[in-house]
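**Q** I'd like to ask some things about the structure below.
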Amino acid sequence: MPGGGMTRRFARPPVWREYFVLGLLFTGLVVIALKVVHIQTVERGHLHAQGDARYLREITVLPQRGQILDRNGQVLAVSTPVESLWAEPGVFCAAGDSWKSMPDILELDPGDLKAACERRKGADFMYVKRRIPPAVAKEVMALNIPGLERQREYRRYYPDGPVGAHLIGFTDVDDTGQEGLESRFDRHLAGVPGRKRVLKDVAGHFVESVESIQQVRHGENLRISVDQRVQFLAAAYLEKAVKKHKASGGSVVVLSVPSGEILAMVTSPQFNPNDRGTIRPGVFRNRTVTDVVEPGSTSKPFTVAMALESGQVGVDTMVNTAPGMYRIGGRTIRDVHDYGDLSVFDVLVRSSNIGTAKIALAFPFDRLFDTLSTVGFNEPASDLPGEVKGVLVRRNRPIEHATISYGYGFSVTPLQLARAYTAFATDGELLPVTLEPRPEGYRARGIRVFSKSTVQQIRAMMEKVATPEGTARRARIQRYRVGGKTGTTHKLVDGNYDNNEYISLFAGLAPLSDPRFVTVVTVDNPRGGDYYGGVVAAPVFAELMQDLMRLYNIPPDSVRDTQITTIDTGDNPA
């Protein structure tokens with residue numbers, strides 16, 4: 001081209017290409033717009049849930065279990081804060097390299113921990129270790145292990161340990177009542193768990209509480225009529241007797257008069273609810289309400305009271321018990337000695353089986369049965385867990401009529417026996433038994449079962465029982481009048497009486513001038529040589545009552561009404 005440079009001309013692309021590119025862009029925008037609409041509508045809920053699952057979690061807030069308190073406000077059971085470590089298996093188990101010293105701090109086997117991860121694969125929750133001290137949990141959390149979290153829980157603690165454990169019971173690892181009052185009042189004590197939503201960080205740790213879904217409601221306290229001080233004393237004297245006489249166990253029940261409150265209820269052998277290793281089947285039963293015994297001679301006052309109530313028999317009515325044996329229908333009833341002629345008064349003081357049987361046989365059996373039923377020997381004495389009503393059935397044969405009159409052929413719980421004796425501690429009223437603490441001076445409304453005059457005569461006999469002339473000289477205490485009745489029965493083993501195994505019993509009142517306490521002591525299978533109730537069980541009553549007189553500041557009886565003597569250690573059988 002002349003005079004200048006050469007100019008190149010480029011061909012214009014076809015128009016269709018521009019439209020094609022624009023079409024692709026428009027289509028892409030439409031697809032994106034549709035996707036956005038789909039996400040905001042169809043998938044909105046799902047994606048929100050996925051996001052929440054990654055950064056939000058709903059957790060349970062456990063309630064603190066209510067305390068169990070004695071009548072004076074002393075703590076018998078309390079839940080103390082502990083920590084439990086848990087994890088999301090998917091995150092936690094994948095971070096095994098970051099566990100570092102955690103297994104050593106928690107005293108865990110790394111192999112067991114890996115096996116737990118394998119078992120919980122696919123789950124969203126697993127416990128690493130429960131109920132550890134807060135300081136230990138804090139040390140582990142400082143390791144910043146992904147997916148590991150801690151949760152506040154509570155561990156039940158019993159300050160008195162074994163003392164009264166059979167009555168109080170215990171809880172399981174989740175703080176749910178399993179036995180005793182812990183089970184009976186579980187709903188009252190447990191409370192209601194709460195729920196809240198929390199925010200997690202990228203490591204899976206909770207960093208912020210977002211909202212409360214349900215407010216936690218902590219458990220309510222439970223105050224009972226038991227006096228912790230009396231529990232300690234009763235347990236100590238019972239264990240002393242069990243050890244001394246090489247017995248299998250025993251029990252003590254103390255009731256307050258006239259309120260009907262349970263002041264003490266202890267059982268041996270003991271177990272420690274704070275040590276799970278001591279909790280095994282059969283040990284934690286509250287035997288004062290779950291196990292029955294034949295009351296033996298402790299039931300004789302009811303037979304004598306029945307006769308006195310009839311008006312046909314008086315305390316001076318004579319009964320021939322010679323020659324110390326009495327045959328009924330081919331069976332023989334025996335006394336420890338040949339007492340000869342005894343007044344009804346002395347039949348009870350000497351604890352004559354023959355005299356008691358002859359008194360009972362002078363009346364229709366139904367009258368004796370009704371008397372024993374009326375004092376509660378055929379119904380539960382309370383509503384404690386596992387309580388049984390005993391065994392009392394109508395009999396037809398004269399020998400059964402006789403043996404039931406002196407405490408064989410029917411069975412009662414120690415609590416039933418204690419409740420029955422409230423009829424002698426009052427002016428003839430059978431008191432209702434309760435664990436609910438009553439105000440000072442409260443008088444329970446009882447059921448009249450005997451007249452006041454009959455009760456006064458029975459008390460006079462019981463007081464004579466606790467003298468050298470009776471079977472319970474070891475039940476006496478200094479400066480106070482006491483009364484009661486001993487009992488010694490053969491144990492039933494596989495439906496048969498074992499002549500080498502016994503139950504030693506004592507049921508008593510103190511102080512007799514104005515009874516404040518009814519106490520029943522049982523000692524199971526003493527094997528130290530002595531087995532009579534007056535020798536084995538009565539001393540437990542005496543030691544306990546001597547302390548209770550001081551503890552409750554009860555004035556001594558009038559000097560003229562009290563024989564101040566040293567405690568006789570003679571072996572008078574009962």
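Convention: chains lettered A, B, ... in structure tokens order; per-chain residue numbering from 1; ligands numbered from 1 as shown.
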Write out as a PyMOL selection string all residues of segment 78-326 of chain A that DSSP puts in helix (DSSP H, G or I) for this structure's backbone.
**A** chain A and resi 89-98+102-106+110-119+134-141+165-168+180-184+186-190+228-244+276-278+287-290+296-310
**Q** Check the smallest atom-to-atom distance from each of A:Ile279, A:Ala94, A:Ala360, A:Val293 to Thr171 of chain A using only C-alpha atoms, then report the winner.
**A** A:Ile279
**Q** Return the single residue from A:Pro162, A:Gly23, A:Gly441, A:Gly409 that is closest to Gly296 of chain A, with distances computed using only C-alpha atoms.
**A**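 Closest candidate: A:Gly409.
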**Q** Between atom CA of Thr298 of chain A and atom CA of Lys243 of chain A, what is the distance in Å, rounded to a tenth?
**A** 23.6 Å
**Q** Select, from A:Gly355, A:Pro511, A:Gly90, A:Gly376, the residue with the minimum atom-to-atom distance to Asp557 of chain A, counting only C-alpha atoms.
**A**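 Using only C-alpha atoms, the shortest distance to Asp557 of chain A belongs to A:Pro511.
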**Q** Go ahead and compute the interatomic distance for atom CA of Arg184 of chain A and atom CA of Leu222 of chain A, in Å to one decimal.
**A** 11.2 Å
**Q** Within 8 Å of segment 449-451 of chain A, counting only C-alpha atoms, which residues show up once you throw out same-chain ones fewer than 5 positions away? Write them as JSON, numbers by chain, please.
**A** {"A": [305, 309, 374, 375, 423, 427, 428, 429, 430]}
**Q** Calculated over only C-alpha atoms, which of the candidates A:Lys244, A:Arg443, A:Arg550, A:His218 has the smallest distance to Ser256 of chain A?
**A**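 Selected residue with least distance to Ser256 of chain A: A:Arg443.
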**Q** Hey, what does DSSP flag as strand (DSSP E) within segment 245-491 of chain A? Can you give it to me as a short mmCIF file (atom, residue, chain, number, x, y, z; two decimals) with all heavy atoms, in the first residue's frame?
**A**
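Saved file selection_12.cif follows:
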```cif
data_model
loop_
_atom_site.label_atom_id
_atom_site.label_comp_id
_atom_site.auth_asym_id
_atom_site.auth_seq_id
_atom_site.Cartn_x
_atom_site.Cartn_y
_atom_site.Cartn_z
N GLY A 249 -26.64 -61.21 113.73
CA GLY A 249 -27.13 -59.85 113.50
C GLY A 249 -28.16 -59.49 114.54
O GLY A 249 -28.27 -60.13 115.59
N GLY A 250 -28.95 -58.46 114.24
CA GLY A 250 -29.98 -58.03 115.18
C GLY A 250 -30.61 -56.74 114.73
O GLY A 250 -30.35 -56.24 113.63
N SER A 251 -31.44 -56.18 115.59
CA SER A 251 -32.12 -54.93 115.26
C SER A 251 -32.54 -54.21 116.54
O SER A 251 -32.69 -54.84 117.60
CB SER A 251 -33.35 -55.18 114.38
OG SER A 251 -34.35 -55.88 115.11
N VAL A 252 -32.73 -52.89 116.41
CA VAL A 252 -33.26 -52.08 117.51
C VAL A 252 -34.25 -51.09 116.91
O VAL A 252 -33.97 -50.45 115.89
CB VAL A 252 -32.15 -51.29 118.25
CG1 VAL A 252 -32.77 -50.38 119.30
CG2 VAL A 252 -31.14 -52.23 118.88
N VAL A 253 -35.42 -51.00 117.53
CA VAL A 253 -36.43 -50.01 117.17
C VAL A 253 -36.77 -49.21 118.41
O VAL A 253 -37.02 -49.79 119.48
CB VAL A 253 -37.71 -50.67 116.61
CG1 VAL A 253 -38.77 -49.61 116.32
CG2 VAL A 253 -37.41 -51.47 115.37
N VAL A 254 -36.77 -47.87 118.28
CA VAL A 254 -37.16 -46.99 119.40
C VAL A 254 -38.29 -46.09 118.92
O VAL A 254 -38.15 -45.38 117.92
CB VAL A 254 -35.98 -46.13 119.89
CG1 VAL A 254 -36.43 -45.27 121.06
CG2 VAL A 254 -34.79 -46.99 120.29
N LEU A 255 -39.41 -46.12 119.63
CA LEU A 255 -40.56 -45.27 119.33
C LEU A 255 -40.73 -44.23 120.44
O LEU A 255 -40.47 -44.51 121.61
CB LEU A 255 -41.85 -46.09 119.22
CG LEU A 255 -41.88 -47.20 118.18
CD1 LEU A 255 -43.26 -47.87 118.18
CD2 LEU A 255 -41.55 -46.67 116.79
N SER A 256 -41.18 -43.04 120.04
CA SER A 256 -41.45 -41.98 121.00
C SER A 256 -42.91 -42.04 121.42
O SER A 256 -43.81 -42.25 120.60
CB SER A 256 -41.15 -40.62 120.37
OG SER A 256 -41.49 -39.56 121.24
N ILE A 262 -40.92 -42.66 115.05
CA ILE A 262 -39.76 -43.56 115.05
C ILE A 262 -38.53 -42.73 115.34
O ILE A 262 -38.16 -41.85 114.55
CB ILE A 262 -39.62 -44.29 113.70
CG1 ILE A 262 -40.85 -45.16 113.42
CG2 ILE A 262 -38.36 -45.13 113.67
CD1 ILE A 262 -40.86 -45.79 112.04
N LEU A 263 -37.87 -42.98 116.47
CA LEU A 263 -36.66 -42.24 116.84
C LEU A 263 -35.40 -42.95 116.36
O LEU A 263 -34.39 -42.30 116.09
CB LEU A 263 -36.59 -42.05 118.35
CG LEU A 263 -37.62 -41.12 118.99
CD1 LEU A 263 -37.37 -41.02 120.49
CD2 LEU A 263 -37.57 -39.74 118.36
N ALA A 264 -35.45 -44.26 116.29
CA ALA A 264 -34.29 -45.02 115.84
C ALA A 264 -34.75 -46.32 115.23
O ALA A 264 -35.74 -46.92 115.68
CB ALA A 264 -33.32 -45.29 116.98
N MET A 265 -34.03 -46.75 114.21
CA MET A 265 -34.31 -48.02 113.54
C MET A 265 -33.01 -48.49 112.91
O MET A 265 -32.59 -47.97 111.88
CB MET A 265 -35.41 -47.84 112.49
CG MET A 265 -35.77 -49.11 111.74
SD MET A 265 -37.11 -48.84 110.55
CE MET A 265 -38.53 -48.88 111.66
N VAL A 266 -32.34 -49.42 113.59
CA VAL A 266 -31.05 -49.89 113.10
C VAL A 266 -31.04 -51.41 112.97
O VAL A 266 -31.77 -52.11 113.67
CB VAL A 266 -29.89 -49.44 114.02
CG1 VAL A 266 -29.78 -47.93 114.04
CG2 VAL A 266 -30.08 -49.97 115.43
N THR A 267 -30.21 -51.87 112.06
CA THR A 267 -30.13 -53.30 111.75
C THR A 267 -28.67 -53.71 111.65
O THR A 267 -27.82 -52.94 111.22
CB THR A 267 -30.84 -53.60 110.42
OG1 THR A 267 -32.22 -53.26 110.54
CG2 THR A 267 -30.74 -55.07 110.06
N SER A 268 -28.38 -54.92 112.06
CA SER A 268 -27.06 -55.52 111.90
C SER A 268 -27.24 -56.88 111.20
O SER A 268 -28.22 -57.58 111.48
CB SER A 268 -26.39 -55.73 113.27
OG SER A 268 -25.15 -56.35 113.14
N MET A 318 -54.84 -67.95 140.91
CA MET A 318 -53.76 -68.92 140.95
C MET A 318 -53.83 -69.88 139.77
O MET A 318 -54.91 -70.30 139.35
CB MET A 318 -53.79 -69.70 142.26
CG MET A 318 -53.65 -68.82 143.50
SD MET A 318 -52.14 -67.78 143.49
CE MET A 318 -50.88 -69.06 143.60
N VAL A 319 -52.65 -70.26 139.29
CA VAL A 319 -52.52 -71.21 138.18
C VAL A 319 -51.50 -72.26 138.58
O VAL A 319 -50.38 -71.93 138.98
CB VAL A 319 -52.07 -70.51 136.88
CG1 VAL A 319 -51.99 -71.52 135.74
CG2 VAL A 319 -52.98 -69.36 136.52
N ASN A 320 -51.87 -73.51 138.46
CA ASN A 320 -50.96 -74.60 138.82
C ASN A 320 -50.07 -74.94 137.62
O ASN A 320 -50.56 -75.37 136.57
CB ASN A 320 -51.77 -75.84 139.25
CG ASN A 320 -50.87 -76.99 139.67
OD1 ASN A 320 -49.67 -76.81 139.86
ND2 ASN A 320 -51.46 -78.17 139.82
N MET A 325 -44.24 -79.49 133.49
CA MET A 325 -44.57 -80.07 132.18
C MET A 325 -46.09 -80.12 132.06
O MET A 325 -46.79 -80.32 133.04
CB MET A 325 -43.98 -81.47 132.01
CG MET A 325 -42.47 -81.52 132.01
SD MET A 325 -41.86 -83.21 131.68
CE MET A 325 -42.52 -84.06 133.13
N TYR A 326 -46.57 -79.97 130.83
CA TYR A 326 -48.02 -79.96 130.61
C TYR A 326 -48.29 -80.53 129.23
O TYR A 326 -47.82 -79.99 128.22
CB TYR A 326 -48.54 -78.53 130.72
CG TYR A 326 -50.05 -78.38 130.56
CD1 TYR A 326 -50.93 -79.18 131.25
CD2 TYR A 326 -50.56 -77.39 129.71
CE1 TYR A 326 -52.30 -79.01 131.11
CE2 TYR A 326 -51.93 -77.21 129.56
CZ TYR A 326 -52.80 -78.04 130.27
OH TYR A 326 -54.15 -77.88 130.13
N ARG A 327 -49.03 -81.67 129.21
CA ARG A 327 -49.29 -82.34 127.94
C ARG A 327 -50.63 -81.91 127.37
O ARG A 327 -51.64 -81.86 128.08
CB ARG A 327 -49.27 -83.86 128.11
CG ARG A 327 -47.88 -84.40 128.43
CD ARG A 327 -47.85 -85.92 128.42
NE ARG A 327 -48.18 -86.48 127.10
CZ ARG A 327 -47.31 -86.59 126.09
NH1 ARG A 327 -46.05 -86.16 126.25
NH2 ARG A 327 -47.68 -87.12 124.95
N ILE A 328 -50.59 -81.59 126.07
CA ILE A 328 -51.81 -81.20 125.35
C ILE A 328 -51.82 -81.97 124.02
O ILE A 328 -50.96 -81.76 123.18
CB ILE A 328 -51.86 -79.69 125.05
CG1 ILE A 328 -51.76 -78.88 126.35
CG2 ILE A 328 -53.13 -79.32 124.31
CD1 ILE A 328 -51.71 -77.39 126.13
N ARG A 331 -48.65 -83.54 122.86
CA ARG A 331 -47.49 -82.65 122.85
C ARG A 331 -47.24 -82.15 124.27
O ARG A 331 -48.16 -82.05 125.08
CB ARG A 331 -47.73 -81.46 121.92
CG ARG A 331 -48.02 -81.85 120.47
CD ARG A 331 -46.76 -82.24 119.74
NE ARG A 331 -45.85 -81.12 119.64
CZ ARG A 331 -45.93 -80.20 118.67
NH1 ARG A 331 -46.89 -80.29 117.74
NH2 ARG A 331 -45.06 -79.21 118.64
N THR A 332 -45.99 -81.84 124.57
CA THR A 332 -45.63 -81.42 125.92
C THR A 332 -45.11 -79.99 125.93
O THR A 332 -44.22 -79.63 125.14
CB THR A 332 -44.56 -82.35 126.52
OG1 THR A 332 -45.05 -83.70 126.51
CG2 THR A 332 -44.20 -81.93 127.94
N ILE A 333 -45.67 -79.19 126.83
CA ILE A 333 -45.20 -77.83 127.05
C ILE A 333 -44.35 -77.85 128.32
O ILE A 333 -44.72 -78.48 129.31
CB ILE A 333 -46.38 -76.86 127.21
CG1 ILE A 333 -47.19 -76.79 125.92
CG2 ILE A 333 -45.89 -75.47 127.60
CD1 ILE A 333 -48.44 -75.96 126.06
N ARG A 334 -43.21 -77.14 128.31
CA ARG A 334 -42.31 -77.16 129.45
C ARG A 334 -41.96 -75.75 129.90
O ARG A 334 -41.94 -74.81 129.12
CB ARG A 334 -41.00 -77.90 129.10
CG ARG A 334 -41.17 -79.40 128.93
CD ARG A 334 -39.84 -80.06 128.62
NE ARG A 334 -39.92 -81.50 128.66
CZ ARG A 334 -40.33 -82.24 127.65
NH1 ARG A 334 -40.69 -81.67 126.51
NH2 ARG A 334 -40.38 -83.56 127.77
N ASP A 341 -47.53 -73.57 142.05
CA ASP A 341 -48.67 -72.66 141.93
C ASP A 341 -48.17 -71.21 141.78
O ASP A 341 -47.37 -70.73 142.60
CB ASP A 341 -49.56 -72.75 143.18
CG ASP A 341 -50.31 -74.08 143.23
OD1 ASP A 341 -50.58 -74.64 142.14
OD2 ASP A 341 -50.62 -74.53 144.34
N LEU A 342 -48.66 -70.57 140.75
CA LEU A 342 -48.29 -69.18 140.48
C LEU A 342 -49.54 -68.33 140.34
O LEU A 342 -50.54 -68.78 139.79
CB LEU A 342 -47.48 -69.06 139.18
CG LEU A 342 -46.06 -69.62 139.15
CD1 LEU A 342 -45.50 -69.49 137.74
CD2 LEU A 342 -45.17 -68.89 140.14
N SER A 343 -49.47 -67.10 140.83
CA SER A 343 -50.55 -66.16 140.55
C SER A 343 -50.40 -65.70 139.10
O SER A 343 -49.34 -65.84 138.49
CB SER A 343 -50.46 -64.95 141.49
OG SER A 343 -49.28 -64.21 141.21
N GLU A 429 -53.96 -47.30 124.62
CA GLU A 429 -54.18 -46.91 123.23
C GLU A 429 -53.03 -47.38 122.35
O GLU A 429 -51.86 -47.16 122.66
CB GLU A 429 -54.34 -45.39 123.10
CG GLU A 429 -55.61 -44.86 123.72
CD GLU A 429 -55.79 -43.38 123.43
OE1 GLU A 429 -54.94 -42.79 122.71
OE2 GLU A 429 -56.77 -42.80 123.91
N LEU A 430 -53.37 -48.02 121.25
CA LEU A 430 -52.39 -48.43 120.26
C LEU A 430 -52.09 -47.23 119.36
O LEU A 430 -52.99 -46.70 118.70
CB LEU A 430 -52.94 -49.59 119.41
CG LEU A 430 -51.99 -50.18 118.37
CD1 LEU A 430 -50.88 -50.96 119.04
CD2 LEU A 430 -52.76 -51.08 117.40
N ILE A 447 -55.83 -45.99 119.05
CA ILE A 447 -57.03 -46.84 119.10
C ILE A 447 -57.02 -47.56 120.44
O ILE A 447 -56.04 -48.25 120.78
CB ILE A 447 -57.01 -47.87 117.95
CG1 ILE A 447 -56.96 -47.15 116.60
CG2 ILE A 447 -58.24 -48.78 118.03
CD1 ILE A 447 -56.73 -48.10 115.44
N ARG A 448 -58.08 -47.41 121.21
CA ARG A 448 -58.09 -48.07 122.51
C ARG A 448 -58.24 -49.57 122.34
O ARG A 448 -59.16 -50.06 121.69
CB ARG A 448 -59.23 -47.53 123.39
CG ARG A 448 -59.33 -48.23 124.74
CD ARG A 448 -60.03 -47.39 125.77
NE ARG A 448 -59.34 -46.13 126.04
CZ ARG A 448 -58.25 -46.03 126.83
NH1 ARG A 448 -57.75 -47.12 127.41
NH2 ARG A 448 -57.70 -44.86 127.04
N GLY A 483 -39.68 -51.19 132.65
CA GLY A 483 -40.42 -52.44 132.59
C GLY A 483 -40.35 -53.03 131.21
O GLY A 483 -40.05 -52.33 130.23
N GLY A 484 -40.59 -54.33 131.13
CA GLY A 484 -40.54 -54.95 129.82
C GLY A 484 -40.73 -56.44 129.90
O GLY A 484 -41.13 -56.98 130.95
N LYS A 485 -40.46 -57.09 128.81
CA LYS A 485 -40.62 -58.55 128.76
C LYS A 485 -39.55 -59.13 127.85
O LYS A 485 -39.29 -58.62 126.76
CB LYS A 485 -42.00 -58.93 128.23
CG LYS A 485 -42.29 -60.41 128.34
CD LYS A 485 -42.42 -60.84 129.79
CE LYS A 485 -42.44 -62.36 129.94
NZ LYS A 485 -41.09 -62.95 129.75
N THR A 486 -38.96 -60.20 128.33
CA THR A 486 -37.94 -60.91 127.55
C THR A 486 -38.59 -61.95 126.64
O THR A 486 -39.76 -62.32 126.83
CB THR A 486 -36.96 -61.63 128.48
OG1 THR A 486 -37.71 -62.52 129.33
CG2 THR A 486 -36.20 -60.64 129.34
N GLY A 487 -37.81 -62.43 125.70
CA GLY A 487 -38.27 -63.50 124.82
C GLY A 487 -37.08 -64.27 124.27
O GLY A 487 -36.05 -63.67 123.94
N THR A 488 -37.24 -65.57 124.20
CA THR A 488 -36.19 -66.42 123.61
C THR A 488 -36.89 -67.49 122.79
O THR A 488 -37.67 -68.29 123.33
CB THR A 488 -35.34 -67.10 124.70
OG1 THR A 488 -34.85 -66.11 125.60
CG2 THR A 488 -34.16 -67.85 124.08
N THR A 489 -36.66 -67.49 121.49
CA THR A 489 -37.35 -68.45 120.62
C THR A 489 -36.34 -69.22 119.79
O THR A 489 -35.27 -68.73 119.45
CB THR A 489 -38.32 -67.73 119.67
OG1 THR A 489 -37.59 -66.85 118.80
CG2 THR A 489 -39.36 -66.93 120.44
N HIS A 490 -36.72 -70.46 119.48
CA HIS A 490 -35.93 -71.24 118.54
C HIS A 490 -36.15 -70.70 117.13
O HIS A 490 -37.26 -70.29 116.78
CB HIS A 490 -36.34 -72.72 118.59
CG HIS A 490 -35.91 -73.42 119.84
ND1 HIS A 490 -34.60 -73.78 120.08
CD2 HIS A 490 -36.62 -73.84 120.92
CE1 HIS A 490 -34.52 -74.39 121.25
NE2 HIS A 490 -35.73 -74.44 121.78
N LYS A 491 -35.10 -70.70 116.35
CA LYS A 491 -35.21 -70.23 114.97
C LYS A 491 -35.82 -71.31 114.08
O LYS A 491 -35.54 -72.50 114.24
CB LYS A 491 -33.85 -69.84 114.40
CG LYS A 491 -33.31 -68.52 114.88
CD LYS A 491 -32.08 -68.11 114.10
CE LYS A 491 -32.42 -67.79 112.65
NZ LYS A 491 -31.25 -67.22 111.92
#
```
**Q** Skip Tyr339 of chain A itself and residues of its chain fewer than 4 positions away, then list as a ChimeraX atom specification all residues within 7 Å of it, counting only C-alpha atoms.
**A** /A:321-322,324
**Q** Set the distance at 8 Å and use only C-alpha atoms: which residues neighbour Arg285 of chain A once local chain neighbours fewer than 3 positions away are removed? I'd like the list as a tab-separated table (two decimals) with N, CA, C and O atoms, in the first residue's frame.
**A**
```tsv
chain	number	residue	atom	x	y	z
A	166	HIS	N	-29.95	-48.98	106.56
A	166	HIS	CA	-31.06	-49.84	106.15
A	166	HIS	C	-32.37	-49.06	106.05
A	166	HIS	O	-33.23	-49.37	105.23
A	282	GLY	N	-29.27	-58.92	99.96
A	282	GLY	CA	-29.50	-59.52	101.26
A	282	GLY	C	-28.98	-58.69	102.42
A	282	GLY	O	-29.45	-58.83	103.54
A	290	THR	N	-38.91	-55.99	107.14
A	290	THR	CA	-38.98	-56.99	106.07
A	290	THR	C	-38.90	-58.43	106.58
A	290	THR	O	-39.34	-59.35	105.90
```
